[in-house]
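First comes the structure, then the notes that go with it.
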Amino acid sequence: MDAQIAMYYRQHRLDRYVPPALIEYFKIHRYDKGVAICEVGQPIEWLWFLVEGRAKVFMPMENARQLLLCFYHPLQMFGDLEIFEEDPRAMTMIETLTPCVCLGLKREFVIAHLASDPVFLRQLCLSLGRKLGRVNRNSAINLLHPVENRMASYILGTATRDSGEKPVFSGNLTQIADFLGTSFRHVHRTMQGLCAQGFLAKQGTRYTILNEPELQKRAVGIFVQPGGDEE
C-alpha cells in the first residue's frame, strides 16, 4: 500500500466513501500550479478526490469569455457529475491555483465496485446536492451581489499565501472581469476602491492584502464550494 495514499485516506476520512479493503485501487495524481486538471469536453476516466491544494472551477463560454463557478479545497469530489453518463465528458474546467494532490479511482472500477454501495452512493448524493446548492446560490449572487463582493471573494480565493507574509493577489483584470461577468472598467474601479478603503495595497501589478477580516466580510462566502470534510 502506498504510504501517502494511506495518509490522505486517514486524514480525510475517505472510509466514508470507499471501504478500507479497496484502498489499493486509489491512484495518486499531482498537479503543478496553473495546470488544467480537466477541460470541457474531455473524456472523464477518473473519479477524483482533491486532498491537497486549491483549484478554481469555471465555464468557458461560446463568446470566448469564461464564467467563474467556485473554488475547490479539500476534501472535494469531482468527476461525479459525469461519471455515470454513457459517454462521460467534463462539463466544466478545473485549473489549479496551487500545487494540488488528488486521489483517483478509475471510472470502470467505480461502476463495477461502488455503483451499488449505499455508503458510497450517499456521499455521491451529498456531493451532487452541494453542487446544486452552489449553482442556485451563485445564480442569485450574480444577480443581486455587487461586483465588490464577488471581487473580494475572488481575491481571497486566489491569493498566494506564504508563511509569515501577508497574502498577495495578482491576476489579469480583463480575464477576471470575464470570470465575474462584468467589465474591465468596473473591476478596475472596484480594485481602486478596495485600495482606498485600506483593504489592499497596490505594488506594480500585485496587491497585498492588508485587512483580510474586512475583506472576508465583503466576500460573505461567495464562490466557496463546501467540501466533504464538513460533515
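Identifiers in this document derive from the order of the C-alpha cells: chains are assigned A, B, ..., residues are numbered from 1 separately in each chain, and ligands are numbered from 1 in order of occurrence.
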
Original post:
Which of range 53-198 of chain A counts as helix (DSSP H, G or I) under DSSP, as JSON, numbers by chain please?
Top reply: {"A": [107, 108, 109, 110, 111, 112, 113, 118, 119, 120, 121, 122, 123, 124, 125, 126, 127, 128, 129, 130, 131, 132, 133, 134, 135, 136, 137, 138, 139, 140, 141, 142, 143, 144, 147, 148, 149, 150, 151, 152, 153, 154, 155, 156, 157, 158, 173, 174, 175, 176, 177, 178, 179, 180, 184, 185, 186, 187, 188, 189, 190, 191, 192, 193, 194, 195, 196]}

Original post:
Hey, what's within 9 Å of Glu39 in chain A if we count only C-alpha atoms and toss same-chain stuff fewer than 3 positions away? As a PyMOL selection string, please?
Top reply: chain A and resi 36+42-43+89-95

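Residues within 8 Å of Arg206 in chain A, counting only C-alpha atoms and excluding same-chain residues fewer than 3 positions away, are Val168, Phe169, Ser170, Gly171, Lys202 and Gln203 of chain A.
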
Keeping C-alpha atoms, export the residues of the selection given above as a compact mmCIF listing (two decimals), in the first residue's frame.
```
# COMPACT_ATOMS: atom_id res chain seq x y z
CA VAL A 168 -0.64 38.67 -2.18
CA PHE A 169 -3.09 38.81 -5.07
CA SER A 170 -2.24 39.18 -8.75
CA GLY A 171 -4.16 38.49 -11.92
CA LYS A 202 -1.06 48.04 -4.93
CA GLN A 203 2.57 47.28 -5.75
```

Residues within 7 Å of range 102-111 of chain A, please, as a compact mmCIF listing (two decimals) with C-alpha atoms, in the first residue's frame. Count only C-alpha atoms; anything in the same chain fewer than 2 positions from it doesn't count.
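What follows is the written file result_15.txt:
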```
# COMPACT_ATOMS: atom_id res chain seq x y z
CA TYR A 25 -7.32 0.93 -6.05
CA PHE A 26 -6.63 4.62 -5.40
CA LYS A 27 -4.00 6.29 -7.60
CA ILE A 28 -2.25 9.49 -6.63
CA HIS A 29 -2.21 12.41 -9.10
CA ARG A 30 -0.04 15.50 -8.61
CA GLU A 45 -11.83 8.49 -16.92
CA TRP A 46 -11.44 9.08 -13.18
CA LEU A 47 -13.41 10.00 -10.09
CA TRP A 48 -11.13 12.42 -8.22
CA PHE A 49 -10.83 13.47 -4.59
CA LEU A 50 -8.93 16.73 -4.06
CA VAL A 51 -6.88 16.10 -0.90
CA GLU A 52 -4.34 18.94 -1.04
CA ILE A 83 -19.17 9.51 -14.25
CA CYS A 100 -2.56 20.06 -5.91
CA HIS A 113 -17.47 -1.99 -7.34
CA LEU A 114 -19.17 1.11 -5.91
CA ALA A 115 -22.26 1.81 -8.04
```

Rows by chain and residue number, range 119-206 of chain A within 8 Å of range 10-21 of chain A, shortest pair, only C-alpha atoms, as a tab-separated table:
```
residue	atom	partner	partner_atom	distance
A:Val119	CA	A:Tyr17	CA	6.4
A:Phe120	CA	A:Tyr17	CA	4.7
A:Gln123	CA	A:Tyr17	CA	6.3
```

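Remark: for Ala112 in chain A, the closest of the candidate residues A:Leu69, A:Phe78, A:Cys195, A:Phe84 is A:Phe84 (distances computed over only C-alpha atoms).
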
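Residue nearest Tyr154 in chain A, chosen from A:Phe199, A:Phe71, A:Tyr31, A:Tyr9 and counting only C-alpha atoms: A:Phe71.
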
Subject >> For Thr174 in chain A: contacts at 12 Å, only C-alpha atoms, fewer than 2 positions along chain excluded, given as a PyMOL selection string >> reply: chain A and resi 65-66+171-172+176-188

With all heavy atoms retained, could you export that selection as a CSV table (one decimal), in the first residue's frame?
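Generated output (result.csv):
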```
chain,number,residue,atom,x,y,z
A,65,ARG,N,-15.5,34.1,-23.6
A,65,ARG,CA,-15.4,34.6,-22.2
A,65,ARG,C,-15.5,33.4,-21.3
A,65,ARG,O,-15.8,32.3,-21.7
A,65,ARG,CB,-16.5,35.6,-21.9
A,65,ARG,CG,-16.4,36.8,-22.8
A,65,ARG,CD,-17.4,37.9,-22.4
A,65,ARG,NE,-17.1,38.5,-21.1
A,65,ARG,CZ,-17.8,39.5,-20.6
A,65,ARG,NH1,-18.9,39.9,-21.2
A,65,ARG,NH2,-17.5,40.1,-19.4
A,66,GLN,N,-15.2,33.6,-20.0
A,66,GLN,CA,-15.2,32.5,-19.0
A,66,GLN,C,-15.9,33.0,-17.8
A,66,GLN,O,-15.8,34.1,-17.3
A,66,GLN,CB,-13.8,32.1,-18.6
A,66,GLN,CG,-13.0,31.6,-19.8
A,66,GLN,CD,-11.5,31.4,-19.5
A,66,GLN,OE1,-10.9,32.1,-18.7
A,66,GLN,NE2,-10.9,30.4,-20.1
A,171,GLY,N,-3.3,39.1,-10.9
A,171,GLY,CA,-4.2,38.5,-11.9
A,171,GLY,C,-4.5,39.5,-13.0
A,171,GLY,O,-4.3,40.7,-12.9
A,172,ASN,N,-4.8,38.9,-14.2
A,172,ASN,CA,-5.2,39.7,-15.3
A,172,ASN,C,-6.6,40.2,-15.1
A,172,ASN,O,-7.6,39.5,-15.1
A,172,ASN,CB,-5.1,38.8,-16.6
A,172,ASN,CG,-5.4,39.5,-17.8
A,172,ASN,OD1,-6.4,40.2,-17.9
A,172,ASN,ND2,-4.6,39.4,-18.8
A,176,ILE,N,-10.3,38.4,-15.2
A,176,ILE,CA,-11.1,38.4,-14.0
A,176,ILE,C,-12.5,39.0,-14.3
A,176,ILE,O,-13.5,38.5,-13.8
A,176,ILE,CB,-10.4,39.1,-12.9
A,176,ILE,CG1,-9.1,38.4,-12.5
A,176,ILE,CG2,-11.3,39.3,-11.7
A,176,ILE,CD1,-8.2,39.2,-11.6
A,177,ALA,N,-12.5,40.1,-15.1
A,177,ALA,CA,-13.8,40.6,-15.4
A,177,ALA,C,-14.7,39.6,-16.1
A,177,ALA,O,-15.9,39.5,-15.9
A,177,ALA,CB,-13.6,41.9,-16.3
A,178,ASP,N,-14.1,38.8,-17.0
A,178,ASP,CA,-14.9,37.7,-17.7
A,178,ASP,C,-15.4,36.7,-16.7
A,178,ASP,O,-16.5,36.3,-16.7
A,178,ASP,CB,-14.0,37.0,-18.7
A,178,ASP,CG,-13.8,37.8,-20.0
A,178,ASP,OD1,-14.5,38.8,-20.2
A,178,ASP,OD2,-12.9,37.5,-20.8
A,179,PHE,N,-14.5,36.3,-15.7
A,179,PHE,CA,-14.8,35.3,-14.7
A,179,PHE,C,-16.0,35.8,-13.9
A,179,PHE,O,-16.9,35.0,-13.6
A,179,PHE,CB,-13.7,35.1,-13.8
A,179,PHE,CG,-12.6,34.1,-14.3
A,179,PHE,CD1,-11.3,34.4,-14.0
A,179,PHE,CD2,-12.9,33.0,-15.0
A,179,PHE,CE1,-10.3,33.5,-14.5
A,179,PHE,CE2,-12.0,32.1,-15.5
A,179,PHE,CZ,-10.6,32.4,-15.2
A,180,LEU,N,-16.1,37.1,-13.6
A,180,LEU,CA,-17.1,37.6,-12.7
A,180,LEU,C,-18.3,38.2,-13.5
A,180,LEU,O,-19.3,38.6,-12.9
A,180,LEU,CB,-16.5,38.8,-11.9
A,180,LEU,CG,-15.4,38.4,-11.0
A,180,LEU,CD1,-14.9,39.6,-10.1
A,180,LEU,CD2,-15.7,37.2,-10.1
A,181,GLY,N,-18.3,38.1,-14.8
A,181,GLY,CA,-19.4,38.5,-15.6
A,181,GLY,C,-19.6,40.0,-15.6
A,181,GLY,O,-20.8,40.5,-15.6
A,182,THR,N,-18.5,40.8,-15.6
A,182,THR,CA,-18.7,42.2,-15.6
A,182,THR,C,-17.6,42.8,-16.6
A,182,THR,O,-17.0,42.1,-17.3
A,182,THR,CB,-18.5,42.8,-14.2
A,182,THR,OG1,-18.8,44.1,-14.2
A,182,THR,CG2,-17.1,42.5,-13.6
A,183,SER,N,-17.4,44.1,-16.5
A,183,SER,CA,-16.5,44.8,-17.4
A,183,SER,C,-15.1,45.1,-16.7
A,183,SER,O,-15.0,45.1,-15.5
A,183,SER,CB,-17.1,46.1,-17.9
A,183,SER,OG,-17.2,47.0,-16.8
A,184,PHE,N,-14.1,45.2,-17.6
A,184,PHE,CA,-12.8,45.6,-17.1
A,184,PHE,C,-12.8,46.9,-16.3
A,184,PHE,O,-12.2,47.0,-15.2
A,184,PHE,CB,-11.8,45.7,-18.2
A,184,PHE,CG,-10.5,46.3,-17.8
A,184,PHE,CD1,-9.5,45.6,-17.2
A,184,PHE,CD2,-10.3,47.7,-18.0
A,184,PHE,CE1,-8.3,46.2,-16.8
A,184,PHE,CE2,-9.1,48.3,-17.6
A,184,PHE,CZ,-8.1,47.5,-17.0
A,185,ARG,N,-13.6,47.9,-16.8
A,185,ARG,CA,-13.6,49.2,-16.1
A,185,ARG,C,-14.2,49.0,-14.7
A,185,ARG,O,-13.7,49.6,-13.8
A,185,ARG,CB,-14.5,50.1,-17.0
A,185,ARG,CG,-14.6,51.5,-16.4
A,185,ARG,CD,-15.4,52.4,-17.3
A,185,ARG,NE,-14.7,52.6,-18.6
A,185,ARG,CZ,-15.2,53.3,-19.6
A,185,ARG,NH1,-16.4,53.9,-19.4
A,185,ARG,NH2,-14.6,53.4,-20.7
A,186,HIS,N,-15.3,48.2,-14.6
A,186,HIS,CA,-15.9,48.0,-13.3
A,186,HIS,C,-15.0,47.3,-12.3
A,186,HIS,O,-14.9,47.7,-11.1
A,186,HIS,CB,-17.2,47.2,-13.4
A,186,HIS,CG,-18.2,47.4,-12.3
A,186,HIS,ND1,-19.5,47.2,-12.4
A,186,HIS,CD2,-18.0,47.9,-11.1
A,186,HIS,CE1,-20.1,47.4,-11.3
A,186,HIS,NE2,-19.2,47.9,-10.5
A,187,VAL,N,-14.2,46.3,-12.8
A,187,VAL,CA,-13.3,45.6,-11.9
A,187,VAL,C,-12.1,46.5,-11.5
A,187,VAL,O,-11.7,46.6,-10.3
A,187,VAL,CB,-12.7,44.4,-12.7
A,187,VAL,CG1,-11.4,43.8,-11.9
A,187,VAL,CG2,-13.7,43.3,-12.8
A,188,HIS,N,-11.6,47.3,-12.4
A,188,HIS,CA,-10.5,48.3,-12.1
A,188,HIS,C,-11.0,49.3,-11.1
A,188,HIS,O,-10.3,49.6,-10.1
A,188,HIS,CB,-10.1,49.0,-13.4
A,188,HIS,CG,-8.9,49.9,-13.2
A,188,HIS,ND1,-9.0,51.2,-13.1
A,188,HIS,CD2,-7.6,49.6,-13.1
A,188,HIS,CE1,-7.8,51.7,-12.9
A,188,HIS,NE2,-6.9,50.7,-12.9
```

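A straight line drawn from CA of Tyr72 in chain A to CA of Arg54 in chain A is 5.7 Å long.
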
Original post:
When DSSP works through the backbone of this structure, what residues of chain A end up as strand (DSSP E), shown as an MDAnalysis selection string?
Top reply: chainID A and resid 27:31 36:38 46:52 55:60 66:72 76:78 93:96 100:106 168:170 200:203 206:209
